[in-house]
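Visitor: This structure is in C-alpha cells; I'll ask about it shortly.
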Amino acid sequence: MSEKEAQADSQQPAPPLKDASTVMLVRDGADGPEIFLQRRVGAMAFAAGMTVFPGGGVDPSDGTADIAWAGPEPAWWAERFATTEATAKALVCAAVRETFEECGVLLAGPAADSVVSDTTGYRDARGRLERRELSLASFLAEERLVLRADLLRPWANWITPVIEPRRYDTRFFVAVLPDGQLADGATSEAAQVQWSTPAEALERWRSGADVLLPPTWSQLVALGSFRSTAEILAAQRPIDPIMPVLADLDGKRLLSFPDNQRYFADLPDPRRLKGSVRP
C-alpha cells in the first residue's frame, strides 16, 4: 500500500516526513557478530524507553557544506536509497554525526585510508555537536578529518506509519566498529547501552527485558543470519521502502509489515503492543 492509500485508509492527513539515519554498529564476538544497542531515556519525544540503534533526524546543516569525503559519492548513495544526491549526502553525514554524538564512534580519519583510533580527544566537540553548537562540516574541517563513507553500507528503509504524530523516513546503515574505538553511553538520549548478539537481543525482547520497535526487530532478525562482520559488509541487500499500515490480523487491527505475524506472536506482553508498533 502506498502512503497516499494508507492516508486515505486512516481518514487523517499524514504528518510530514523527516529524513533520518540509523546506524547498526557491529563487531565480531566470540559467538558471532555483536550489535551495539541503546535504551532511550523515558523523556524522549519519540520511541521513549525503546531499545534502538544509534541514529536520529537529519539536521539542516548535514550535507550543506563541502566535506572531505572518502568512499562512494552521494550519487551512489542516492541510487541505493532512491533519493536525490543532496538528500543522500545529508543522510550519510547524519549517519556519521549521530553515531559520534550518541556513542562516541567516529567514522572519519586524518586521510582517506585511515580512521581515528581514539576519539577521547574530541569529547568537547562531541558535546557541542549534540547541542547543535557545531556542525559536522565545521568539526571535520577544524580537525582536518575525512568523512569515511566507505565504512558505511546501506541496509534498509523504514517509514513511520501515517497514524503517528512524528514520522521519519529512516535509512538504515551498517558499519563495523573501528579498531581502537569504544562505543559508550555518554549521551543525554541513552539510559543504558549494551553489545549483544542478535539472538541475545531478541531473547531479551521476548522475555520483556527490552522493547523493540518493528524496524529494530526486523534488522536484528536479518543480522542473525550472518556469521561475521565481513559477511555483513559484503551483503548485497535490496532496499525497498517499508511503511507499516493498519490491517486485520486474527480479528485485530494491527500494523502490517514483513513478518508481522512472527513479530506479534513473539510479543511478550499485550500491554506493550501500543508502544511497540511504531517505527
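Convention: chains lettered A, B, ... in C-alpha cells order; per-chain residue numbering from 1; ligands numbered from 1 as shown.
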Write out as a Markdown table the residues of stretch 193-218 of chain A that have any atom within 10 Å of an atom of stretch 142-161 of chain A, one row each with the nearest atom pair and its distance in Å to one decimal, counting only C-alpha atoms, sorted by chain and then rising number.

Guide:
```
| residue | atom | partner | partner_atom | distance |
| --- | --- | --- | --- | --- |
| A:Pro214 | CA | A:Trp158 | CA | 9.5 |
| A:Pro215 | CA | A:Trp158 | CA | 6.7 |
| A:Thr216 | CA | A:Trp158 | CA | 10.0 |
| A:Ser218 | CA | A:Ala156 | CA | 9.8 |
```

Visitor: Could you turn the residues from that selection into a file that holds C-alpha atoms, as a PDB file, in the first residue's frame?

Guide:
```
ATOM      1  CA  PRO A 214       9.375  -3.474  14.394  1.00  0.00           C
ATOM      2  CA  PRO A 215      12.222  -1.930  12.337  1.00  0.00           C
ATOM      3  CA  THR A 216      14.762  -2.732  15.079  1.00  0.00           C
ATOM      4  CA  SER A 218      13.474  -6.768  11.702  1.00  0.00           C
TER       5      SER A 218
END
```

Visitor: Between atom CA of A:Val116 and atom CA of A:Val58, measure the distance and give it in Å to one decimal.

Guide: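 That distance, rounded to one decimal, is 23.3 Å.
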
Visitor: Give me the residues within 12 Å of A:Gly180 as a list in words, counting only C-alpha atoms and dropping any in the same chain fewer than 4 places off.

Guide: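 In the requested format, the answer is Arg27, Gly104, Val105, Leu106, Val115, Val116, Ser117, Asp118, Thr119, Thr120 and Val176 of chain A.
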
Visitor: Just to be explicit: take each residue in the selection above, keep N, CA, C and O atoms, and write the result as a CSV table (one decimal), in the first residue's frame.

Guide:
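Written output follows (out-v2.csv):
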```csv
chain,number,residue,atom,x,y,z
A,27,ARG,N,30.4,-5.6,15.6
A,27,ARG,CA,31.8,-6.1,15.9
A,27,ARG,C,31.7,-7.6,15.9
A,27,ARG,O,30.7,-8.2,16.2
A,104,GLY,N,30.0,8.0,20.6
A,104,GLY,CA,31.4,8.3,20.6
A,104,GLY,C,32.2,7.6,19.5
A,104,GLY,O,33.5,7.7,19.5
A,105,VAL,N,31.6,7.0,18.5
A,105,VAL,CA,32.3,6.3,17.5
A,105,VAL,C,32.4,7.2,16.3
A,105,VAL,O,31.3,7.7,15.8
A,106,LEU,N,33.6,7.5,15.8
A,106,LEU,CA,33.7,8.5,14.7
A,106,LEU,C,34.2,7.8,13.4
A,106,LEU,O,35.3,7.3,13.4
A,115,VAL,N,41.5,5.9,9.8
A,115,VAL,CA,40.3,6.2,10.7
A,115,VAL,C,40.9,6.5,12.1
A,115,VAL,O,41.9,6.0,12.5
A,116,VAL,N,40.2,7.4,12.8
A,116,VAL,CA,40.6,7.8,14.1
A,116,VAL,C,40.6,6.6,15.0
A,116,VAL,O,39.7,5.8,15.0
A,117,SER,N,41.7,6.4,15.8
A,117,SER,CA,41.7,5.2,16.7
A,117,SER,C,41.3,5.5,18.1
A,117,SER,O,41.0,4.6,18.9
A,118,ASP,N,41.3,6.8,18.5
A,118,ASP,CA,40.9,7.2,19.8
A,118,ASP,C,40.1,8.5,19.7
A,118,ASP,O,40.7,9.5,19.3
A,119,THR,N,38.9,8.5,20.1
A,119,THR,CA,38.0,9.7,20.0
A,119,THR,C,37.9,10.5,21.3
A,119,THR,O,37.2,11.5,21.3
A,120,THR,N,38.7,10.2,22.3
A,120,THR,CA,38.5,10.9,23.6
A,120,THR,C,39.0,12.3,23.5
A,120,THR,O,38.5,13.2,24.2
A,176,VAL,N,31.2,-1.4,10.8
A,176,VAL,CA,32.0,-2.1,11.8
A,176,VAL,C,32.7,-1.1,12.7
A,176,VAL,O,33.2,-0.1,12.3
```

Visitor: Mind checking DSSP for stretch 32-223 of chain A and telling me the strand (DSSP E) residues as a PyMOL selection string?

Guide: chain A and resi 32-40+51-52+55-57+69-70+108-109+146-148+152-159+167-176+190-196

Visitor: For the interface of stretch 207-268 of chain A with stretch 162-168 of chain A (cut-off 9 Å, counting only C-alpha atoms), please tabulate each contacting residue of stretch 207-268 of chain A alongside its nearest pair of atoms and their separation in Å to one decimal, rows sorted by chain and increasing number, as a tab-separated table.

Guide:
```
residue	atom	partner	partner_atom	distance
A:Met243	CA	A:Val162	CA	8.6
A:Pro244	CA	A:Val162	CA	8.7
A:Val245	CA	A:Val162	CA	7.8
A:Leu246	CA	A:Ile163	CA	8.7
```

Visitor: Produce a file of the selected residues containing all heavy atoms, as an mmCIF file, in the first residue's frame.

Guide:
```
data_model
loop_
_atom_site.group_PDB
_atom_site.id
_atom_site.type_symbol
_atom_site.label_atom_id
_atom_site.label_comp_id
_atom_site.auth_asym_id
_atom_site.auth_seq_id
_atom_site.Cartn_x
_atom_site.Cartn_y
_atom_site.Cartn_z
ATOM 1 N N MET A 243 6.655 0.739 4.837
ATOM 2 C CA MET A 243 5.824 1.579 5.688
ATOM 3 C C MET A 243 4.684 0.736 6.253
ATOM 4 O O MET A 243 3.764 0.360 5.519
ATOM 5 C CB MET A 243 5.260 2.781 4.944
ATOM 6 C CG MET A 243 4.492 3.726 5.872
ATOM 7 S SD MET A 243 3.785 5.160 5.013
ATOM 8 C CE MET A 243 2.471 4.348 4.076
ATOM 9 N N PRO A 244 4.729 0.383 7.536
ATOM 10 C CA PRO A 244 3.640 -0.399 8.116
ATOM 11 C C PRO A 244 2.297 0.325 7.974
ATOM 12 O O PRO A 244 2.225 1.550 8.092
ATOM 13 C CB PRO A 244 4.045 -0.513 9.589
ATOM 14 C CG PRO A 244 5.538 -0.372 9.580
ATOM 15 C CD PRO A 244 5.806 0.644 8.509
ATOM 16 N N VAL A 245 1.258 -0.450 7.715
ATOM 17 C CA VAL A 245 -0.094 0.091 7.606
ATOM 18 C C VAL A 245 -1.025 -0.751 8.460
ATOM 19 O O VAL A 245 -0.765 -1.938 8.714
ATOM 20 C CB VAL A 245 -0.592 0.109 6.146
ATOM 21 C CG1 VAL A 245 0.246 1.050 5.307
ATOM 22 C CG2 VAL A 245 -0.578 -1.298 5.556
ATOM 23 N N LEU A 246 -2.119 -0.170 8.902
ATOM 24 C CA LEU A 246 -3.088 -0.907 9.701
ATOM 25 C C LEU A 246 -3.810 -1.943 8.851
ATOM 26 O O LEU A 246 -4.245 -1.664 7.737
ATOM 27 C CB LEU A 246 -4.102 0.060 10.316
ATOM 28 C CG LEU A 246 -3.615 0.879 11.524
ATOM 29 C CD1 LEU A 246 -4.659 1.906 11.916
ATOM 30 C CD2 LEU A 246 -3.298 -0.042 12.696
#
```

Visitor: Between A:Thr83, A:Val174, A:Ala30, A:Trp69, single out the one closest to A:Glu231, counting only C-alpha atoms.

Guide: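 So, comparing all the options, the nearest one is A:Val174.
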
Visitor: A:Leu220: which residues within 8 Å, counting only C-alpha atoms, same-chain residues fewer than 3 positions away excluded, as number ranges by chain?

Guide: A: 198-199, 201-202, 216-217, 223-224
